[in-house]
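Containing mmCIF, C-alpha atoms: final_36.cif.
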data_model
loop_
_atom_site.label_atom_id
_atom_site.label_comp_id
_atom_site.auth_asym_id
_atom_site.auth_seq_id
_atom_site.Cartn_x
_atom_site.Cartn_y
_atom_site.Cartn_z
CA MET A 1 -56.30 2.66 -26.31
CA LEU A 2 -58.61 -0.30 -26.75
CA LEU A 3 -57.57 -3.88 -27.18
CA PRO A 4 -59.51 -6.11 -29.59
CA ARG A 5 -61.96 -8.56 -27.99
CA PHE A 6 -60.61 -12.02 -27.26
CA GLU A 7 -61.03 -14.99 -24.96
CA PHE A 8 -58.35 -15.33 -22.26
CA HIS A 9 -56.91 -18.72 -21.33
CA GLU A 10 -54.50 -19.46 -18.51
CA PRO A 11 -53.54 -23.15 -18.70
CA LYS A 12 -51.94 -24.74 -15.63
CA THR A 13 -49.43 -26.90 -17.51
CA LEU A 14 -47.46 -26.81 -20.75
CA ASP A 15 -49.41 -29.87 -21.97
CA GLU A 16 -52.68 -28.04 -21.46
CA ALA A 17 -51.28 -24.98 -23.25
CA CYS A 18 -50.26 -27.19 -26.19
CA GLN A 19 -53.79 -28.61 -26.40
CA ILE A 20 -55.26 -25.10 -26.52
CA MET A 21 -52.82 -24.11 -29.30
CA ALA A 22 -53.69 -27.32 -31.18
CA ALA A 23 -57.38 -26.44 -30.95
CA PHE A 24 -57.17 -22.77 -31.96
CA GLY A 25 -53.98 -22.57 -34.09
CA VAL A 26 -53.67 -19.28 -35.96
CA LYS A 27 -56.63 -17.79 -34.07
CA ALA A 28 -54.62 -17.89 -30.84
CA LYS A 29 -51.62 -15.91 -29.64
CA LEU A 30 -49.37 -16.73 -26.71
CA ILE A 31 -48.70 -14.08 -24.11
CA ALA A 32 -45.94 -14.16 -21.47
CA GLY A 33 -44.42 -10.71 -20.78
CA GLY A 34 -46.73 -9.07 -23.28
CA THR A 35 -44.26 -6.31 -24.16
CA ASP A 36 -44.54 -7.14 -27.87
CA LEU A 37 -48.04 -8.64 -28.20
CA MET A 38 -49.84 -5.96 -26.16
CA VAL A 39 -48.38 -3.17 -28.31
CA ASN A 40 -49.23 -4.99 -31.54
CA MET A 41 -52.79 -5.69 -30.35
CA LYS A 42 -53.29 -2.04 -29.37
CA LYS A 43 -52.08 -0.99 -32.81
CA LYS A 44 -54.51 -3.59 -34.26
CA LEU A 45 -51.62 -5.24 -36.11
CA VAL A 46 -52.70 -8.56 -34.60
CA THR A 47 -56.26 -9.39 -33.54
CA PRO A 48 -56.28 -12.90 -32.08
CA SER A 49 -59.61 -14.31 -30.91
CA HIS A 50 -57.82 -16.25 -28.15
CA VAL A 51 -54.93 -15.14 -25.95
CA VAL A 52 -53.14 -17.91 -24.06
CA SER A 53 -51.12 -16.81 -21.03
CA ILE A 54 -48.06 -18.96 -20.31
CA GLY A 55 -46.01 -16.48 -18.26
CA ARG A 56 -46.78 -18.20 -14.97
CA LEU A 57 -46.02 -21.79 -15.99
CA GLU A 58 -43.31 -22.73 -13.50
CA GLU A 59 -41.96 -25.40 -15.87
CA LEU A 60 -41.08 -22.61 -18.36
CA LYS A 61 -39.30 -20.43 -15.81
CA THR A 62 -36.52 -22.72 -14.68
CA THR A 63 -32.88 -22.75 -15.74
CA GLU A 64 -30.54 -25.68 -15.63
CA ASN A 65 -26.83 -25.05 -15.67
CA ALA A 66 -25.54 -28.54 -16.46
CA ASP A 67 -21.98 -29.57 -17.37
CA THR A 68 -22.53 -29.58 -21.10
CA VAL A 69 -25.77 -27.70 -21.80
CA VAL A 70 -27.33 -24.58 -20.29
CA LYS A 71 -31.13 -24.85 -20.49
CA ILE A 72 -33.19 -21.68 -20.08
CA GLY A 73 -36.99 -21.80 -19.80
CA ALA A 74 -38.81 -19.67 -22.39
CA CYS A 75 -40.53 -17.58 -19.70
CA PHE A 76 -37.32 -16.67 -17.87
CA THR A 77 -37.47 -12.87 -17.80
CA VAL A 78 -34.89 -10.60 -19.38
CA ALA A 79 -34.34 -8.93 -15.97
CA ASP A 80 -33.54 -12.33 -14.45
CA LEU A 81 -31.14 -13.07 -17.34
CA ALA A 82 -29.44 -9.70 -16.86
CA GLU A 83 -28.98 -10.30 -13.14
CA SER A 84 -28.23 -14.04 -13.10
CA ALA A 85 -24.65 -14.61 -11.93
CA ALA A 86 -24.61 -18.08 -13.52
CA ILE A 87 -25.73 -16.78 -16.94
CA ASN A 88 -23.32 -13.85 -16.86
CA GLN A 89 -20.43 -16.11 -16.02
CA THR A 90 -21.19 -18.84 -18.56
CA LEU A 91 -22.84 -16.83 -21.34
CA SER A 92 -21.57 -13.28 -20.80
CA ALA A 93 -22.65 -12.01 -24.24
CA LEU A 94 -26.23 -13.11 -23.54
CA GLY A 95 -26.11 -11.18 -20.25
CA ALA A 96 -24.87 -8.12 -22.14
CA GLY A 97 -27.77 -8.44 -24.58
CA ALA A 98 -30.27 -8.76 -21.74
CA ARG A 99 -28.94 -5.61 -20.04
CA ALA A 100 -29.18 -3.69 -23.33
CA LEU A 101 -32.84 -4.58 -23.91
CA GLY A 102 -35.57 -1.95 -23.40
CA THR A 103 -35.88 -0.44 -19.94
CA PRO A 104 -35.98 -1.86 -16.39
CA LEU A 105 -39.81 -1.82 -16.58
CA VAL A 106 -39.82 -3.76 -19.85
CA ARG A 107 -37.07 -6.17 -18.73
CA ASN A 108 -39.15 -7.12 -15.67
CA LEU A 109 -41.91 -8.36 -18.01
CA ALA A 110 -40.18 -9.45 -21.25
CA THR A 111 -39.02 -13.05 -21.63
CA ILE A 112 -36.25 -14.80 -23.58
CA GLY A 113 -38.86 -16.86 -25.46
CA GLY A 114 -40.76 -13.74 -26.46
CA ASN A 115 -37.64 -11.96 -27.68
CA LEU A 116 -36.85 -14.92 -29.96
CA GLY A 117 -40.43 -15.70 -31.01
CA SER A 118 -41.26 -12.11 -31.95
CA ALA A 119 -38.33 -12.27 -34.42
CA ARG A 120 -37.61 -8.56 -34.70
CA PRO A 121 -34.48 -8.06 -36.84
CA ALA A 122 -33.11 -5.58 -34.25
CA ALA A 123 -33.79 -7.74 -31.18
CA ASP A 124 -31.08 -7.85 -28.49
CA LEU A 125 -30.97 -11.54 -27.60
CA PRO A 126 -30.78 -13.41 -30.96
CA PRO A 127 -27.23 -12.35 -32.01
CA SER A 128 -25.44 -13.69 -28.93
CA LEU A 129 -27.59 -16.82 -28.77
CA MET A 130 -26.87 -17.55 -32.44
CA ALA A 131 -23.16 -16.89 -31.86
CA TYR A 132 -23.22 -19.49 -29.06
CA GLY A 133 -24.97 -21.92 -31.46
CA ALA A 134 -28.16 -22.06 -29.37
CA ARG A 135 -31.18 -24.23 -30.15
CA VAL A 136 -34.83 -23.82 -29.22
CA VAL A 137 -37.27 -26.51 -28.17
CA LEU A 138 -40.70 -26.28 -29.82
CA ALA A 139 -43.42 -28.17 -27.96
CA SER A 140 -46.80 -29.22 -29.32
CA SER A 141 -49.44 -31.78 -28.48
CA LYS A 142 -47.59 -34.11 -30.92
CA GLY A 143 -44.30 -33.90 -29.01
CA LYS A 144 -41.16 -31.78 -28.94
CA ARG A 145 -38.58 -30.87 -31.57
CA GLU A 146 -35.32 -29.01 -31.37
CA VAL A 147 -34.47 -26.35 -33.95
CA ALA A 148 -31.10 -24.61 -34.33
CA LEU A 149 -31.43 -20.81 -34.15
CA ASP A 150 -29.44 -20.60 -37.42
CA GLY A 151 -32.51 -21.82 -39.27
CA PHE A 152 -35.18 -20.57 -36.86
CA PHE A 153 -35.72 -17.01 -38.10
CA VAL A 154 -37.58 -16.81 -41.41
CA GLY A 155 -38.20 -13.08 -41.78
CA PRO A 156 -39.25 -10.02 -39.75
CA GLY A 157 -41.83 -11.39 -37.28
CA PHE A 158 -41.70 -14.89 -38.77
CA THR A 159 -40.07 -18.04 -37.40
CA GLU A 160 -40.15 -21.81 -37.69
CA ILE A 161 -42.76 -21.95 -34.88
CA GLN A 162 -45.91 -23.58 -36.27
CA PRO A 163 -49.37 -22.32 -35.15
CA ASP A 164 -49.80 -25.26 -32.75
CA GLU A 165 -46.29 -25.00 -31.26
CA ILE A 166 -44.92 -23.28 -28.17
CA LEU A 167 -41.27 -22.26 -27.77
CA SER A 168 -40.60 -23.89 -24.40
CA GLU A 169 -36.84 -23.83 -23.84
CA VAL A 170 -33.55 -22.44 -25.11
CA HIS A 171 -30.55 -24.80 -25.08
CA VAL A 172 -26.99 -23.52 -25.28
CA ASN A 173 -23.90 -25.70 -25.24
CA ARG A 174 -21.64 -24.55 -22.42
CA PRO A 175 -18.72 -22.78 -24.15
CA PRO A 176 -15.50 -24.82 -23.76
CA ALA A 177 -12.37 -23.59 -21.97
CA GLY A 178 -10.58 -21.12 -24.20
CA ALA A 179 -13.80 -19.74 -25.70
CA GLY A 180 -15.32 -16.30 -25.29
CA ALA A 181 -17.99 -14.08 -26.77
CA GLY A 182 -18.93 -10.41 -26.94
CA TYR A 183 -22.05 -8.41 -27.75
CA VAL A 184 -22.33 -4.71 -28.52
CA ASN A 185 -25.39 -2.78 -29.65
CA LEU A 186 -25.57 0.70 -31.09
CA GLY A 187 -28.60 2.97 -30.88
CA ILE A 188 -29.32 6.69 -30.76
CA ARG A 189 -30.04 6.45 -27.02
CA LYS A 190 -28.72 4.13 -24.35
CA ALA A 191 -32.14 2.85 -23.25
CA GLN A 192 -35.60 2.43 -24.71
CA ASP A 193 -34.29 2.42 -28.23
CA CYS A 194 -34.49 0.22 -31.28
CA ASN A 195 -30.95 -0.81 -32.23
CA LEU A 196 -29.35 0.73 -35.28
CA VAL A 197 -26.88 -2.15 -35.52
CA ASN A 198 -25.96 -4.97 -33.13
CA VAL A 199 -23.25 -7.62 -33.38
CA ALA A 200 -22.23 -10.69 -31.38
CA SER A 201 -18.94 -12.55 -31.89
CA PHE A 202 -17.81 -15.90 -30.57
CA LEU A 203 -14.21 -17.16 -30.61
CA ALA A 204 -12.78 -20.50 -29.47
CA LEU A 205 -9.01 -20.89 -29.23
CA ASP A 206 -7.00 -24.04 -29.76
CA SER A 207 -5.61 -25.91 -26.76
CA ASP A 208 -2.34 -23.98 -27.19
CA GLY A 209 -4.34 -20.76 -26.83
CA LYS A 210 -2.71 -19.25 -29.92
CA THR A 211 -4.86 -20.25 -32.87
CA ILE A 212 -8.55 -19.59 -33.55
CA LYS A 213 -10.32 -22.94 -33.74
CA ASP A 214 -13.87 -21.71 -34.17
CA ALA A 215 -15.48 -18.34 -34.86
CA ARG A 216 -19.03 -17.08 -35.31
CA ILE A 217 -20.12 -13.53 -36.10
CA VAL A 218 -23.81 -12.61 -36.02
CA MET A 219 -25.09 -9.25 -37.21
CA GLY A 220 -28.50 -7.78 -36.35
CA CYS A 221 -30.51 -4.97 -38.05
CA VAL A 222 -28.75 -5.51 -41.39
CA GLY A 223 -31.07 -8.07 -42.97
CA PRO A 224 -34.57 -9.53 -42.55
CA THR A 225 -33.15 -11.86 -39.87
CA PRO A 226 -29.91 -11.80 -37.83
CA LEU A 227 -27.17 -12.75 -40.31
CA LEU A 228 -24.07 -14.90 -39.94
CA SER A 229 -20.89 -13.73 -41.64
CA PRO A 230 -19.40 -16.83 -43.31
CA GLU A 231 -16.62 -14.79 -44.97
CA ALA A 232 -15.39 -13.34 -41.68
CA GLU A 233 -15.52 -16.77 -40.03
CA LYS A 234 -13.47 -18.30 -42.87
CA LEU A 235 -10.83 -15.59 -42.46
CA LEU A 236 -10.55 -16.09 -38.71
CA ILE A 237 -10.47 -19.87 -38.36
CA GLY A 238 -6.95 -21.33 -38.29
CA GLU A 239 -5.30 -17.93 -37.81
CA LYS A 240 -3.59 -16.26 -34.87
CA PRO A 241 -5.73 -13.50 -33.36
CA SER A 242 -4.36 -9.99 -33.96
CA PRO A 243 -5.75 -6.48 -34.51
CA SER A 244 -4.95 -6.70 -38.23
CA LEU A 245 -6.76 -10.04 -38.55
CA PHE A 246 -9.80 -8.58 -36.76
CA GLU A 247 -9.65 -5.58 -39.10
CA LYS A 248 -9.80 -7.93 -42.12
CA ALA A 249 -12.63 -9.91 -40.51
CA SER A 250 -14.62 -6.74 -39.89
CA LEU A 251 -14.31 -5.76 -43.57
CA ALA A 252 -15.53 -9.24 -44.51
CA ALA A 253 -18.48 -8.90 -42.13
CA MET A 254 -19.38 -5.56 -43.72
CA GLY A 255 -19.44 -7.35 -47.08
CA ASP A 256 -21.79 -10.03 -45.73
CA SER A 257 -24.23 -7.47 -44.28
CA CYS A 258 -27.20 -6.27 -46.24
CA PRO A 259 -28.53 -3.09 -44.56
CA ILE A 260 -31.35 -0.92 -45.88
CA ASP A 261 -31.81 2.86 -45.73
CA ASP A 262 -34.55 3.81 -43.29
CA PHE A 263 -35.50 6.59 -40.86
CA ARG A 264 -33.03 5.23 -38.29
CA GLY A 265 -30.02 5.58 -40.53
CA CYS A 266 -28.71 5.06 -44.04
CA GLY A 267 -27.44 1.67 -45.15
CA GLU A 268 -23.91 2.97 -45.70
CA TYR A 269 -23.64 4.13 -42.08
CA LYS A 270 -25.02 0.85 -40.75
CA ARG A 271 -22.53 -1.12 -42.86
CA ASP A 272 -19.66 0.99 -41.49
CA MET A 273 -20.91 0.39 -37.95
CA ILE A 274 -20.98 -3.38 -38.60
CA GLY A 275 -17.23 -3.05 -39.13
CA VAL A 276 -16.73 -1.13 -35.87
CA LEU A 277 -18.90 -3.45 -33.77
CA THR A 278 -17.34 -6.58 -35.29
CA ARG A 279 -13.88 -5.35 -34.27
CA ARG A 280 -15.07 -4.44 -30.77
CA THR A 281 -16.95 -7.68 -30.15
CA LEU A 282 -14.02 -9.77 -31.43
CA ALA A 283 -11.75 -7.96 -28.96
CA ILE A 284 -14.19 -8.68 -26.09
CA ALA A 285 -14.49 -12.32 -27.18
CA LEU A 286 -10.70 -12.74 -27.41
CA ASP A 287 -10.19 -11.20 -23.99
CA GLU A 288 -12.70 -13.59 -22.43
CA ALA A 289 -11.29 -16.58 -24.34
CA GLN A 290 -7.76 -15.85 -23.09
CA ASN A 291 -8.97 -15.38 -19.51
CA ARG A 292 -10.81 -18.67 -19.58
CA HIS A 293 -7.90 -20.62 -20.90
CA MET B 1 -65.67 -12.54 -21.53
CA THR B 2 -65.43 -11.46 -17.88
CA LYS B 3 -63.87 -13.22 -14.95
CA LEU B 4 -63.62 -12.62 -11.22
CA ILE B 5 -60.03 -12.06 -10.12
CA HIS B 6 -58.55 -11.73 -6.66
CA LEU B 7 -55.57 -9.48 -6.08
CA THR B 8 -53.91 -7.46 -3.36
CA ILE B 9 -53.56 -3.74 -4.00
CA ASN B 10 -51.64 -1.61 -1.51
CA ASP B 11 -51.97 -4.40 1.06
CA LYS B 12 -55.77 -4.62 0.71
CA PRO B 13 -57.49 -7.65 -0.86
CA TYR B 14 -59.78 -7.00 -3.83
CA ASP B 15 -62.25 -9.19 -5.74
CA VAL B 16 -63.10 -7.61 -9.07
CA ALA B 17 -64.78 -8.68 -12.28
CA VAL B 18 -62.59 -7.81 -15.26
CA ALA B 19 -62.88 -8.13 -19.03
CA ALA B 20 -60.36 -10.20 -21.00
CA ASN B 21 -59.23 -7.19 -23.01
CA GLN B 22 -58.86 -4.88 -20.03
CA THR B 23 -55.36 -3.76 -19.01
CA LEU B 24 -54.16 -3.56 -15.42
CA ALA B 25 -53.78 0.21 -15.94
CA ASP B 26 -57.45 0.52 -16.89
CA LEU B 27 -58.58 -1.68 -14.02
CA LEU B 28 -56.68 0.43 -11.49
CA ARG B 29 -57.66 3.82 -12.91
CA ASP B 30 -61.18 3.41 -14.25
CA GLN B 31 -62.65 0.71 -12.04
CA LEU B 32 -60.80 1.18 -8.76
CA ARG B 33 -60.22 4.93 -9.10
CA LEU B 34 -56.54 4.70 -8.26
CA THR B 35 -55.77 7.57 -10.61
CA GLY B 36 -52.26 8.23 -9.32
CA LEU B 37 -50.83 6.17 -12.15
CA LYS B 38 -51.13 7.94 -15.50
CA LYS B 39 -51.70 6.72 -19.01
CA GLY B 40 -49.27 8.43 -21.35
CA CYS B 41 -48.21 6.45 -24.41
CA GLU B 42 -49.98 3.19 -23.47
CA MET B 43 -47.25 1.39 -25.43
CA GLY B 44 -44.71 0.69 -22.69
CA ASP B 45 -42.50 3.60 -23.69
CA CYS B 46 -43.15 6.38 -21.16
CA GLY B 47 -43.42 4.66 -17.76
CA SER B 48 -46.16 6.94 -16.41
CA CYS B 49 -48.31 3.86 -15.69
CA THR B 50 -45.59 2.20 -13.54
CA VAL B 51 -46.78 0.00 -10.67
CA ILE B 52 -44.90 -2.52 -8.56
CA MET B 53 -46.19 -6.05 -9.20
CA ASP B 54 -44.89 -8.84 -6.95
CA GLY B 55 -41.92 -6.65 -6.04
CA LYS B 56 -41.02 -5.63 -9.59
CA ALA B 57 -41.71 -2.29 -11.28
CA VAL B 58 -43.62 -2.83 -14.53
CA ASN B 59 -45.65 -0.92 -17.13
CA SER B 60 -49.27 -1.61 -16.12
CA CYS B 61 -50.42 -0.73 -19.67
CA LEU B 62 -48.66 -3.90 -20.90
CA VAL B 63 -50.26 -6.25 -18.37
CA LEU B 64 -53.73 -7.73 -18.84
CA ALA B 65 -55.92 -7.37 -15.76
CA MET B 66 -56.45 -11.15 -15.83
CA GLN B 67 -52.67 -11.68 -15.71
CA ALA B 68 -52.67 -9.79 -12.39
CA ASP B 69 -54.94 -12.39 -10.77
CA GLY B 70 -53.43 -13.43 -7.44
CA ARG B 71 -50.64 -10.87 -7.50
CA ALA B 72 -49.65 -8.08 -5.11
CA ILE B 73 -49.72 -4.59 -6.62
CA THR B 74 -48.34 -1.38 -5.15
CA THR B 75 -49.45 1.93 -6.67
CA ILE B 76 -48.32 5.42 -5.69
CA GLU B 77 -51.35 5.61 -3.36
CA GLY B 78 -49.85 2.76 -1.34
CA LEU B 79 -46.66 4.56 -0.35
CA GLN B 80 -48.09 7.06 2.11
CA THR B 81 -48.62 5.80 5.67
CA ASP B 82 -50.22 7.30 8.78
CA ASP B 83 -46.84 8.89 9.47
CA GLY B 84 -47.09 10.86 6.22
CA LEU B 85 -45.41 10.68 2.84
CA HIS B 86 -42.87 7.97 1.96
CA SER B 87 -39.23 9.07 2.16
CA VAL B 88 -38.91 9.06 -1.65
CA GLN B 89 -42.05 11.20 -2.00
CA LYS B 90 -40.71 13.64 0.60
CA ALA B 91 -37.37 13.85 -1.20
CA PHE B 92 -39.12 14.65 -4.51
CA VAL B 93 -41.07 17.48 -2.86
CA GLU B 94 -38.08 18.88 -0.99
CA LYS B 95 -35.72 18.83 -3.98
CA GLY B 96 -38.22 20.31 -6.44
CA ALA B 97 -38.19 17.11 -8.48
CA ILE B 98 -41.86 17.51 -9.36
CA GLN B 99 -42.72 19.93 -12.12
CA CYS B 100 -45.98 19.10 -13.94
CA GLY B 101 -46.23 15.89 -11.91
CA PHE B 102 -47.31 13.56 -14.71
CA CYS B 103 -44.21 11.33 -14.52
CA SER B 104 -43.81 11.58 -10.74
CA PRO B 105 -45.86 8.53 -9.63
CA GLY B 106 -43.94 6.27 -12.03
CA MET B 107 -40.60 7.95 -11.32
CA ILE B 108 -41.10 7.54 -7.56
CA LEU B 109 -42.06 3.86 -7.85
CA SER B 110 -39.03 3.13 -10.07
CA ALA B 111 -36.85 4.97 -7.56
CA LYS B 112 -38.40 3.03 -4.68
CA SER B 113 -37.78 -0.32 -6.33
CA LEU B 114 -34.15 0.68 -6.96
CA LEU B 115 -33.64 1.85 -3.35
CA ASP B 116 -35.28 -1.31 -1.96
CA LYS B 117 -32.55 -3.36 -3.68
CA ASN B 118 -29.68 -0.89 -3.48
CA PRO B 119 -29.93 1.71 -0.67
CA SER B 120 -26.99 3.81 -1.88
CA PRO B 121 -26.95 3.88 -5.68
CA ASP B 122 -24.53 6.04 -7.64
CA GLU B 123 -25.69 8.42 -10.37
CA THR B 124 -25.20 5.88 -13.18
CA GLN B 125 -27.29 3.29 -11.34
CA ILE B 126 -30.03 5.87 -10.72
CA ARG B 127 -30.08 6.92 -14.38
CA ALA B 128 -30.27 3.26 -15.46
CA ALA B 129 -33.11 2.57 -12.99
CA ILE B 130 -35.30 5.45 -14.24
CA ALA B 131 -34.47 4.86 -17.93
CA GLY B 132 -38.03 3.66 -18.52
CA ASN B 133 -39.65 6.76 -17.07
CA LEU B 134 -39.79 9.82 -19.31
CA CYS B 135 -40.05 13.35 -17.84
CA ARG B 136 -41.18 15.67 -20.60
CA CYS B 137 -40.46 18.71 -18.42
CA THR B 138 -36.89 17.32 -18.68
CA GLY B 139 -36.37 17.78 -14.95
CA TYR B 140 -34.07 14.80 -14.64
CA GLN B 141 -31.33 16.55 -12.67
CA LYS B 142 -33.63 17.38 -9.75
CA ILE B 143 -35.10 13.87 -9.86
CA ILE B 144 -31.63 12.33 -9.59
CA GLU B 145 -30.72 14.71 -6.74
CA ALA B 146 -33.94 13.74 -4.95
CA ILE B 147 -33.23 10.01 -5.25
CA GLN B 148 -29.64 10.56 -4.04
CA SER B 149 -30.90 12.53 -1.04
CA VAL B 150 -33.21 9.82 0.32
CA LYS B 151 -32.15 9.13 3.92
CA ARG B 152 -31.14 5.57 4.59
#
Go ahead and express the file in the form of structure tokens.
Amino acid sequence: MLLPRFEFHEPKTLDEACQIMAAFGVKAKLIAGGTDLMVNMKKKLVTPSHVVSIGRLEELKTTENADTVVKIGACFTVADLAESAAINQTLSALGAGARALGTPLVRNLATIGGNLGSARPAADLPPSLMAYGARVVLASSKGKREVALDGFFVGPGFTEIQPDEILSEVHVNRPPAGAGAGYVNLGIRKAQDCNLVNVASFLALDSDGKTIKDARIVMGCVGPTPLLSPEAEKLLIGEKPSPSLFEKASLAAMGDSCPIDDFRGCGEYKRDMIGVLTRRTLAIALDEAQNRH
Amino acid sequence: MTKLIHLTINDKPYDVAVAANQTLADLLRDQLRLTGLKKGCEMGDCGSCTVIMDGKAVNSCLVLAMQADGRAITTIEGLQTDDGLHSVQKAFVEKGAIQCGFCSPGMILSAKSLLDKNPSPDETQIRAAIAGNLCRCTGYQKIIEAIQSVKR
């Protein structure tokens, strides 16, 4: 299967990479793990005249686990995320998403930046990162800007990243004591499968540990981008966690979802599964929140 | 666009001229005649092109040859030594884990990279480790038995 013809660039620094992107813009594509771009180039869905490899830039592969913010370099691989003890302890739902992604062979190549930048509505990492309120850093030759993931995804395959920009880092506020999160994905198979539905929930309890102070529910595969459920969040905040409250929240989340019928499943089934996964992820989040209190 | 790259394949250094749009799978098979790895789907789905790159099992159809510059690659040809087949290869032969053989090179390399990290995996860990390698003869049971039987 032939790839289109292109020029290959391997800059030594992020600054140099930014200059190349500034020069070639829409004619260039970034490659790190290549698990998305290589497939799309083989299918001739994208035919860049320049491919810029950033997967070996050390400055994009570091993580920093500071007191308030966890910073993850865009080229940190999904396998490293899945296996990182620090990530799994601090951001357990992100670890769960990383373990659910693709196969061991794909996880060894794929990167966190690529999973966000490719903006597939069924991707495994966006729901938990959005639930944690993560932000991405977009670097260009003009400087850096930080964008909240809530407003980052524009549509399937489209994001806020401009043609001259490079997603360089993911920033996540360290969840406070008494907070927890959960991620569950549903597919036909356990590996190597596009998700049918995926949900991440985040809960933060009050200092007394009895009332929900903050809640975020993010649903994948049921809209052009991962969707928040404002109705479910409204129901949860200020209430005491209980199975009946989570049941009500899951019905609200179903109402906020907007699934389509396709060859993977009908919309009605996906909406029902949003309810099931919302309940399950809320239970996981509550369990973690209570254990961290 | 071509470029000279330097890489280590099965512990031997190579200098090769590669095209920008050439994959690592094509470099290994067509140019270097290491035809043990197979090209099945060429989309990263089937795992028949598996190689170990810098200690990690990857789909060589998803890696550009130029991205492999400076790296160490192990293909199925690199497992055999003067003493004979690698223990994982022997186990596959002894347990009848090879049917048509198309998935075997990838399956064996995925198994090897699991066993290098975890010498006594349970069945769930084995199934998770070979999740990226499809056997269309559906001979998974024998493959799992073979991996479990590897002497450590």
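Here, the PyMOL selection byres ((chain B) within 6 of (chain A)) matches Ala20, Asn21, Met43, Ala57, Val58, Asn59, Leu62, Ala131 and Gly132 of chain B.
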Practice problem: Can you work out which one of B:Met53, B:Ile143, B:Ile5, B:Met66 has the shortest atom-to-atom distance to Thr23 in chain B, counting all atoms listed in the file? | Solution: B:Met66
I need the output of the PyMOL selection byres ((chain B and resi 106) around 10) for this file as a compact mmCIF listing (two decimals) with C-alpha atoms, in the frame of the given file; which residues are they?
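Contents of part30.txt, as written:
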# COMPACT_ATOMS: atom_id res chain seq x y z
CA GLY B 36 -52.26 8.23 -9.32
CA LEU B 37 -50.83 6.17 -12.15
CA LYS B 38 -51.13 7.94 -15.50
CA CYS B 46 -43.15 6.38 -21.16
CA GLY B 47 -43.42 4.66 -17.76
CA SER B 48 -46.16 6.94 -16.41
CA CYS B 49 -48.31 3.86 -15.69
CA THR B 50 -45.59 2.20 -13.54
CA VAL B 51 -46.78 0.00 -10.67
CA ILE B 52 -44.90 -2.52 -8.56
CA ALA B 57 -41.71 -2.29 -11.28
CA VAL B 58 -43.62 -2.83 -14.53
CA ASN B 59 -45.65 -0.92 -17.13
CA THR B 75 -49.45 1.93 -6.67
CA ILE B 76 -48.32 5.42 -5.69
CA GLY B 101 -46.23 15.89 -11.91
CA PHE B 102 -47.31 13.56 -14.71
CA CYS B 103 -44.21 11.33 -14.52
CA SER B 104 -43.81 11.58 -10.74
CA PRO B 105 -45.86 8.53 -9.63
CA MET B 107 -40.60 7.95 -11.32
CA ILE B 108 -41.10 7.54 -7.56
CA LEU B 109 -42.06 3.86 -7.85
CA SER B 110 -39.03 3.13 -10.07
CA ALA B 111 -36.85 4.97 -7.56
CA LYS B 112 -38.40 3.03 -4.68
CA ILE B 130 -35.30 5.45 -14.24
CA GLY B 132 -38.03 3.66 -18.52
CA ASN B 133 -39.65 6.76 -17.07
CA LEU B 134 -39.79 9.82 -19.31
CA CYS B 135 -40.05 13.35 -17.84
Box for range 144-150 of chain A: with edges along x, y and z, all listed atoms inside and 5 Å added on each side, what are the centre and edge lengths in Å to one decimal, as AutoDock Vina command-line options?
--center_x -35.3 --center_y -26.2 --center_z -33.2 --size_x 21.7 --size_y 21.2 --size_z 18.5
Exercise. Find the residue from A:Arg216, A:Lys270, A:Lys27, A:Arg174 that sits nearest to Asn65 in chain A; use only C-alpha atoms when measuring.
Key: A:Arg174
Quiz item: Got a sec to resolve the PyMOL selection byres ((chain A and resi 70) around 10) on this structure and send the residues as JSON, numbers by chain?
Solution: {"A": [63, 64, 65, 66, 67, 68, 69, 71, 72, 86, 87, 90, 91, 134, 170, 171, 172, 173, 174, 175]}
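From CA of Val199 in chain A back to CA of Phe263 in chain A, the distance works out to 20.2 Å.
Near (-48.3, -25.3, -32.7), the residues that fall inside 7 Å on the basis of only C-alpha atoms are Met21, Ala22, Gly25, Ser140, Ile161, Gln162, Pro163, Asp164, Glu165 and Ile166 of chain A.
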Preceding selection exported with C-alpha atoms as an mmCIF file, in the frame of the given file:
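Final file, out20.cif:
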data_model
loop_
_atom_site.group_PDB
_atom_site.id
_atom_site.type_symbol
_atom_site.label_atom_id
_atom_site.label_comp_id
_atom_site.auth_asym_id
_atom_site.auth_seq_id
_atom_site.Cartn_x
_atom_site.Cartn_y
_atom_site.Cartn_z
ATOM 1 C CA MET A 21 -52.820 -24.110 -29.300
ATOM 2 C CA ALA A 22 -53.690 -27.320 -31.180
ATOM 3 C CA GLY A 25 -53.980 -22.570 -34.090
ATOM 4 C CA SER A 140 -46.800 -29.220 -29.320
ATOM 5 C CA ILE A 161 -42.760 -21.950 -34.880
ATOM 6 C CA GLN A 162 -45.910 -23.580 -36.270
ATOM 7 C CA PRO A 163 -49.370 -22.320 -35.150
ATOM 8 C CA ASP A 164 -49.800 -25.260 -32.750
ATOM 9 C CA GLU A 165 -46.290 -25.000 -31.260
ATOM 10 C CA ILE A 166 -44.920 -23.280 -28.170
#
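Our summary of the geometry notes that CA of Gly209 in chain A is positioned 20.7 Å from CA of Lys248 in chain A.
The two atoms in question, CA of Ile217 in chain A and CA of Gly95 in chain A, are spaced 17.1 Å apart.
Within 6 Å of the point (-28.3, -18.5, -34.7) in file coordinates, and counting only C-alpha atoms, lie the residues Met130, Gly133, Leu149 and Asp150 of chain A.
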Practice problem: Write out as a PyMOL selection string which residues come within 12 Å of Lys117 in chain B when counting only C-alpha atoms, dropping same-chain ones fewer than 2 positions away. | Solution: chain B and resi 55-57+110-115+119-121+125-126+129
